[in-house]
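All remarks here apply to the structure that follows.
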Amino acid sequence: KYYYVVTAFDVNSWNSGPSSLESSRVTKTVTVGAPASNFDNSATVQTGVFGRSGLLPNGSAPTIDASGRFSGPFQPSNALTLSLAGFATQLLKGSSAVSMQYDSTQVTSFSAATSVSVTEWFTLGTPSGSSKLSVPLTVSGTQSTTTTSGSFTAITVDGTLASVYGGGTGYTIAGAYGQTIPGAYYTGIWGRGCANSQLGNSGRVSQCYYGGSRWFSGANETAANPTTASIANQASGITVAASFANGGTLPGVATVHRGDAYGYYVGSNWRDVELIMSQFATAADYKLYWGAAGKIDSVIDIVHNEPVPFNARVANSWGILNATAVPAATSFDLRADLTSTDLVCVEPLKTLNPHGLACSGTAAALANTAVPGPLAFWSGGNGNAKSLTLAPTRPNNGFGLYIKGRFFMFELTGGALPASGTVWTMRDYAGGLYGGNGAGGDEGAYAFYPAVVRPFTAPGAAVKFAFTVNNAAIATTDAALAKVHTVPDPYYVTSAYDRTTTAKTIKFVNLPSDATIRIYTASGILVKVLHNTSTSFGGIVDWDVRNRSNQFIASGVYFYVVESGGLSRTYRLTIVNFASNIS
């Protein structure tokens with residue numbers, strides 16, 4: 001039995017008076033004992049990012065080859081962490097989890113080229129149920145990192161189990177989360193980050209214009225230099241068709257074009273669109289599955305193993321922008337052709353009015369079906385000057401596609417839509433990509449500098465602490481019986497457990513629960529029968545070294561048999577006793 005005291009301190013500064021105020025001390029005791037040898041208090045734990053089919057493999061980071069192709073998809077997000085103040089398996093049982101599932105992000109406002117205010121929504125899951133959690137943030141529009149954290153009640157312990165240790169109902173285990181978000185230079189405003197030499201590696205100034213998301217068909221990227229059609233080094237006035245193909249290559253697509261501030265969109269106009277959209281982006285591969293007649297069946301984030309939802313707005317989602325969705329009279333560039341700036345007619349971009357790229361009239365809606373129409377790509381110059389009015393209409397019809405913070409325009413070969421069953425893949429990243437040789441000149445060898453973290457923006461994905469705890473007696477085994485022994489052994493005259501000459505104690509330890517002990521003399525005479533009937537999975541039984549007639553037994557060698565669960569095992573015990581009348 002151990003004795004201890006509990007006290008509390010109210011700590012104050014030296015200037016406020018005494019350095020501490022101590023509460024009255026309350027004395028408590030605890031008896032420490034080994035658990036039953038057949039008591040199973042084990043736990044299996046899984047922690048990490050979970051998709052719809054369970055824990056996601058972390059894998060390894062992809063590499064980039066000499067032709068600018070990544071070796072594979074990126075790892076799941078590492079931006080959100082979840083932890084428990086403690087994991088007391090003695091107080092828990094069954095299977096459960098503590099989780100934070102990402103739901104959505106709402107952009108509430110932005111400061112041009114500086115920051116964006118958002119509210120992120122999560123579903124907080126605990127064994128007691130689920131609740132909605134909103135996390136307001138102000139995210140850097142440059143290279144600064146944003147961090148936030150919080151705590152919550154994660155687990156209520158099992159009252160019955162807690163009572164074994166002097167507790168009861170009402171005790172809880174706290175949980176905590178922490179989130180890190182990289183600045184938008186690493187998640188979307190790559191061109192401006194490059195222009196300001198703040199994209200991962202200051203040693204390679206302005207050699208990062210050939211970055212960006214890319215599309216491909218098949219298991220992995222095959223086209224060399226998939227993004228080098230970008231107009232690097234802030235060039236302007238390029239209208240050659242090939243120079244707009246900066247978003248990868250796909251069968252049946254003449255041009256995959258991605259708008260880029262400080263690349264195609266010289267000046268500051270498009271950077272605020274990228275700032276807003278980057279709040280929805282992360283490092284992932286997305287597979288787009290085509291249905292019949294231009295309808296998209298589904299888009300799957302294969303890194304986080306979750307479907308990307310469709311939304312008519314710009315969000316953590318996908319949607320098609322057709323030329324017919326934005327009337328010429330209400331568009332920014334006042335032309336019937338679909339251009340990248342038509343995206344700002346879609347909410348919330350229309351209301352936020354990024355850098356003056358304004359639309360009048362009713363907000364446009366994204367669709368789930370592509371209707372090919374006329375396209376025009378930016379021809380260089382400042383967006384406020386409406387230089388898109390100078391861009392020629394493309395030879396082939398096509399459509400626009402928004403997906404998780406990125407907007408692409410697809411000029412279809414002959415204007416023909418993909419056949420049903422066709423699969424396209426888009427690879428996205430967070431970080432800085434350097435090097436390449438293309439429309440803007442030679443920028444040297446390729447190198448990739450990943451962002452500090454990969455943002456956690458995959459709807460449906462969750463960070464979990466999942467566990468299964470066993471807290472019960474299991475069937476007795478020979479191995480469990482083999483652990484039984486006595487303390488002390490041999491018992492010699494007296495022991496530390498003895499308080500007087502008439503109070504002696506031998507402890508049988510590591511007993512299975514519901515065990516019976518029969519003690520015999522060397523000649524086979526039954527001396528005593530003991531039982532372990534602990535209701536708290538205890539494995540210790542005390543013997544007062546007396547026989548069935550309540551007399552101290554004589555010195556000698558004794559045998560005892562432990563029976564439990566239909567099994568038994570025989571042990572030997574040596575006792576050296578003494579007479580109480582010996583001086």
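Simple scheme: letters A, B, ... for chains in structure tokens order, numbers from 1 for residues in each chain, numbers from 1 for ligands in the order shown.
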
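Residues in contact range of Ala113 in chain A, defined as at most 8 Å between only C-alpha atoms, with sequence neighbours fewer than 2 positions away removed, read Ser111, Ser115, Gly141, Thr142, Arg271, Asp272 and Leu275 of chain A.
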
Worksheet entry | Selection: 8 Å around range 69-80 of chain A, only C-alpha atoms, excl. self and same-chain fewer than 3 positions, as JSON, numbers by chain | {"A": [49, 56, 58, 59, 60, 61, 62, 63, 64, 65, 66, 177, 178, 179, 180, 181, 220, 221, 222, 223, 224, 225, 226, 282, 283, 284, 285, 303, 304, 427, 429, 453, 454, 455, 456, 463]}

Worksheet item: So, counting only C-alpha atoms, which residue among A:Leu124, A:Ile506, A:Leu84, A:Ala451 is closest to Ser99 in chain A?
Response: A:Leu124

Practice prompt. Enumerate as an NGL selection string all residues of range 231-349 of chain A assigned to strand (DSSP E or B) by DSSP on the backbone, naming them with the chain letters and numbers the document uses.
Written response: :A and (248 or 253-258 or 261 or 265 or 284-290 or 295-301 or 306-307 or 310 or 318-321 or 338 or 346)

Worksheet item: Neighbours of Gly191 in chain A within 8 Å (only C-alpha atoms; same-chain residues fewer than 5 positions away dropped), as a PyMOL selection string?
Response: chain A and resi 208-209+260-263

For those residues, write C-alpha atoms to a file as a PDB file, in the first residue's frame.
```pdb
ATOM      1  CA  CYS A 208      10.498  28.777 -61.947  1.00  0.00           C
ATOM      2  CA  TYR A 209       8.043  29.765 -64.688  1.00  0.00           C
ATOM      3  CA  ASP A 260      -0.841  31.919 -65.033  1.00  0.00           C
ATOM      4  CA  ALA A 261      -0.246  35.284 -63.350  1.00  0.00           C
ATOM      5  CA  TYR A 262       3.110  36.802 -64.337  1.00  0.00           C
ATOM      6  CA  GLY A 263       3.305  34.298 -67.182  1.00  0.00           C
TER       7      GLY A 263
END
```

Worksheet item: Do you have the CA of Ala154 in chain A-CA of Phe280 in chain A distance handy?
Response: 27.8 Å

Fill in: Which of range 266-419 of chain A DSSP labels helix (DSSP H, G or I), written as a PyMOL selection string
chain A and resi 269-280+292-294+323-325+328-330+340-345+349-352+354-356+383-385+387-390+413-415
